[in-house]
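Chemist: I am attaching a structure below and will ask some questions about it afterwards.
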Amino acid sequence: MKSFSGKVAAITGAGSGIGRALALALSHQGCHLALSDVNETGLAETAKLCEPQGVKITTAKVNVAEREAVHAWADQVVKDHRKVNLIFNNAGVAHAGTVEGTSYEDYDWILDINFRGVLYGTKAFLPLLKAAPDGGHIINISSIFGLFAQPGMSAYNATKFAVRGLTESLRQELDMANNGVSATCVHPGGIKTNIARDARMDDSMAQLMGGTSNADLSSNFEKLFRTTPDQAAQVILKAVKRNSRRVLIGSDARAVDAMQRIIPTAYQRMVTSAMRFSNR
């Protein structure tokens, strides 16, 4: 996809963070927008910021964990815009806690949003993208934690590894079908959003980290975030134009990718040693 002008993009989690930044960047390039989020206030703010660009904007409150709601939204997007060319499956949440300490309910919560939400968005929009006369693209947001694992992040790791596997398999199927639709998997590092602040943290995480409070852990995570949502959006859109299979966002993502390639299992000992040292 060489240009976004005149295209229609659907974006989940558009009320803030990377989703909002994508909407703004696309509107500046003449792309019409179908925006969704569970946060209606944030969604309205994003739409208002994009309005001056003169593109058509529709909004919908959609919980990506609800399959029927995602499919209904996809159908509505085509009714409103007559076509859809891009789906950015961006909505996501975070959870920290040990495997033993994390409840089944918390695993279900994050799996429903981070993985099944991406799956529903992919399957709901794929036939609609194939029907678009000017091509289509699926962009699924994984994470740096879809490349390597870390203690206390099993639930988040599981969902982001799953998004990576889904998208890489899908991309190969689309390559074989040659039907005008492609797919890209995005692996952001630390992005300056509210995801760490809004994350669920089980008490087991604090115990794992030597008694550090959950509030302090969230604050420490946020201090590591370097890349802005606007910077991330620009990298993603350039990658879509290049039809990239995988996108790494931030120096931290590139470093982790290199480490995992060079020492695919030994990196785990490095991580645990570093965390033990930090606890002391």
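Ligands are numbered from 1 in the order shown, residues from 1 within each chain, and chains are lettered A, B, ... in the order they appear in the structure tokens.
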Which residues, written as a PDB file with C-alpha atoms, in the first residue's frame, have at least one atom at most 9 Å from range 83-85 of chain A, with only C-alpha atoms counted and residues fewer than 5 positions away on the same chain left out?

Modeler:
ATOM      1  CA  LYS A   7      -8.320   4.712   2.060  1.00  0.00           C
ATOM      2  CA  VAL A   8     -10.435   3.720   5.086  1.00  0.00           C
ATOM      3  CA  ALA A   9      -8.709   2.588   8.290  1.00  0.00           C
ATOM      4  CA  ALA A  10     -10.366   0.904  11.263  1.00  0.00           C
ATOM      5  CA  ALA A  34     -13.451   4.199  11.733  1.00  0.00           C
ATOM      6  CA  ALA A  74     -16.778  -4.404  11.048  1.00  0.00           C
ATOM      7  CA  VAL A  77     -17.716   0.253   9.046  1.00  0.00           C
ATOM      8  CA  VAL A  78     -18.411  -0.928   5.497  1.00  0.00           C
ATOM      9  CA  PHE A 125     -12.262  -7.617   8.746  1.00  0.00           C
ATOM     10  CA  LEU A 128     -14.065  -7.059   3.943  1.00  0.00           C
ATOM     11  CA  LEU A 129     -10.454  -6.165   3.132  1.00  0.00           C
ATOM     12  CA  LYS A 130     -10.450  -8.765   0.355  1.00  0.00           C
ATOM     13  CA  ALA A 131     -13.548  -7.103  -1.101  1.00  0.00           C
ATOM     14  CA  ALA A 132     -11.921  -3.654  -1.194  1.00  0.00           C
ATOM     15  CA  PRO A 133     -11.040  -2.719  -4.793  1.00  0.00           C
ATOM     16  CA  ASP A 134      -7.834  -0.936  -3.757  1.00  0.00           C
ATOM     17  CA  GLY A 135      -6.234  -3.488  -1.444  1.00  0.00           C
ATOM     18  CA  GLY A 136      -6.134  -4.231   2.254  1.00  0.00           C
ATOM     19  CA  HIS A 137      -3.750  -4.659   5.164  1.00  0.00           C
ATOM     20  CA  ILE A 138      -4.018  -6.166   8.657  1.00  0.00           C
ATOM     21  CA  VAL A 181      -4.362  -8.300   1.343  1.00  0.00           C
TER      22      VAL A 181
END

Chemist: I want to know what sits within 7 Å of range 41-43 of chain A, based on only C-alpha atoms, with residues of the same chain fewer than 6 positions away left out; could you give that as a PDB file with N, CA and C atoms, in the first residue's frame?

Modeler:
ATOM      1  N   ALA A  14      -8.557   3.309  19.932  1.00  0.00           N
ATOM      2  CA  ALA A  14      -8.225   4.602  19.327  1.00  0.00           C
ATOM      3  C   ALA A  14      -8.383   5.769  20.287  1.00  0.00           C
ATOM      4  N   GLY A  15      -8.799   5.512  21.515  1.00  0.00           N
ATOM      5  CA  GLY A  15      -9.042   6.601  22.463  1.00  0.00           C
ATOM      6  C   GLY A  15      -7.809   7.184  23.104  1.00  0.00           C
ATOM      7  N   SER A  16      -6.653   6.556  22.898  1.00  0.00           N
ATOM      8  CA  SER A  16      -5.425   7.065  23.520  1.00  0.00           C
ATOM      9  C   SER A  16      -4.229   6.354  22.910  1.00  0.00           C
TER      10      SER A  16
END

Chemist: For Asn179 in chain A, which of A:Gly121, A:Pro127, A:Gly250, A:Gly101 is the closest residue, counting only C-alpha atoms?

Modeler: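 Looking at the shortest contact to Asn179 in chain A, the residue is A:Pro127.
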
Chemist: Please determine, counting only C-alpha atoms, which residue among A:Ala94, A:Ala177, A:Ile144, A:Ala233 has the shortest atom-to-atom distance to Gly19 in chain A.

Modeler: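 Once distances to Gly19 in chain A are computed over only C-alpha atoms, the minimum belongs to A:Ala233.
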
Chemist: Write out as a PyMOL selection string all residues of range 39-263 of chain A that DSSP puts in strand (DSSP E) for this structure's backbone.

Modeler: chain A and resi 57-61+86-89+95-96+136-141+181-188+200-201+246-249

Chemist: Export N, CA and C atoms of the chosen residues as a compact mmCIF listing (two decimals), in the first residue's frame?

Modeler:
# COMPACT_ATOMS: atom_id res chain seq x y z
N ILE A 57 -15.02 10.55 9.61
CA ILE A 57 -14.69 9.86 10.86
C ILE A 57 -15.96 9.28 11.47
N THR A 58 -15.93 8.01 11.78
CA THR A 58 -17.01 7.39 12.54
C THR A 58 -16.42 6.77 13.80
N THR A 59 -17.22 6.74 14.86
CA THR A 59 -16.74 6.18 16.13
C THR A 59 -17.75 5.17 16.66
N ALA A 60 -17.25 4.22 17.43
CA ALA A 60 -18.12 3.20 18.03
C ALA A 60 -17.49 2.70 19.32
N LYS A 61 -18.32 2.55 20.33
CA LYS A 61 -17.85 1.92 21.57
C LYS A 61 -17.86 0.41 21.34
N LEU A 86 -7.83 -0.98 5.89
CA LEU A 86 -6.85 -1.30 6.93
C LEU A 86 -7.56 -1.56 8.25
N ILE A 87 -7.10 -2.57 8.97
CA ILE A 87 -7.54 -2.79 10.35
C ILE A 87 -6.30 -2.81 11.23
N PHE A 88 -6.27 -1.91 12.19
CA PHE A 88 -5.21 -1.87 13.19
C PHE A 88 -5.76 -2.47 14.48
N ASN A 89 -5.39 -3.72 14.76
CA ASN A 89 -5.81 -4.38 16.00
C ASN A 89 -4.84 -3.96 17.10
N HIS A 95 -0.84 -7.18 32.36
CA HIS A 95 -0.98 -7.85 33.67
C HIS A 95 0.39 -8.35 34.10
N ALA A 96 0.66 -8.22 35.38
CA ALA A 96 1.91 -8.74 35.95
C ALA A 96 1.59 -9.61 37.15
N GLY A 136 -5.90 -4.23 0.81
CA GLY A 136 -6.13 -4.23 2.25
C GLY A 136 -4.91 -4.66 3.03
N HIS A 137 -4.89 -4.32 4.32
CA HIS A 137 -3.75 -4.66 5.16
C HIS A 137 -4.23 -4.83 6.60
N ILE A 138 -3.74 -5.88 7.24
CA ILE A 138 -4.02 -6.17 8.66
C ILE A 138 -2.77 -5.85 9.45
N ILE A 139 -2.90 -5.01 10.48
CA ILE A 139 -1.77 -4.65 11.33
C ILE A 139 -2.11 -5.07 12.75
N ASN A 140 -1.40 -6.08 13.26
CA ASN A 140 -1.63 -6.59 14.60
C ASN A 140 -0.50 -6.17 15.52
N ILE A 141 -0.89 -5.58 16.66
CA ILE A 141 0.10 -5.08 17.61
C ILE A 141 0.46 -6.16 18.62
N VAL A 181 -4.39 -8.63 -0.09
CA VAL A 181 -4.36 -8.30 1.34
C VAL A 181 -3.05 -8.79 1.94
N SER A 182 -2.49 -8.03 2.85
CA SER A 182 -1.25 -8.42 3.51
C SER A 182 -1.38 -8.22 5.01
N ALA A 183 -0.33 -8.57 5.76
CA ALA A 183 -0.38 -8.47 7.22
C ALA A 183 1.00 -8.12 7.77
N THR A 184 1.00 -7.36 8.85
CA THR A 184 2.22 -6.94 9.51
C THR A 184 2.07 -7.13 11.02
N CYS A 185 3.10 -7.67 11.65
CA CYS A 185 3.11 -7.81 13.11
C CYS A 185 4.04 -6.75 13.70
N VAL A 186 3.54 -6.01 14.68
CA VAL A 186 4.27 -4.88 15.26
C VAL A 186 4.72 -5.23 16.68
N HIS A 187 6.00 -4.96 16.96
CA HIS A 187 6.57 -5.25 18.28
C HIS A 187 7.12 -3.97 18.89
N PRO A 188 6.27 -3.21 19.59
CA PRO A 188 6.77 -2.00 20.25
C PRO A 188 7.55 -2.35 21.52
N ARG A 200 -3.04 -4.51 35.51
CA ARG A 200 -3.39 -5.26 36.71
C ARG A 200 -2.11 -5.89 37.25
N MET A 201 -1.90 -5.76 38.55
CA MET A 201 -0.71 -6.36 39.16
C MET A 201 -1.11 -7.21 40.35
N ARG A 246 7.55 -7.79 9.86
CA ARG A 246 7.75 -7.53 11.29
C ARG A 246 8.28 -6.11 11.48
N VAL A 247 7.77 -5.42 12.51
CA VAL A 247 8.20 -4.06 12.81
C VAL A 247 8.67 -4.00 14.26
N LEU A 248 9.90 -3.53 14.46
CA LEU A 248 10.44 -3.32 15.79
C LEU A 248 10.43 -1.82 16.07
N ILE A 249 9.87 -1.43 17.21
CA ILE A 249 9.76 -0.01 17.52
C ILE A 249 10.57 0.30 18.77

Chemist: I need the residues in range 97-271 of chain A that are helix (DSSP H, G or I) according to DSSP; give them as an MDAnalysis selection string.

Modeler: chainID A and resid 104:131 144:146 154:177 203:208 214:223 229:242 251:262 267:271
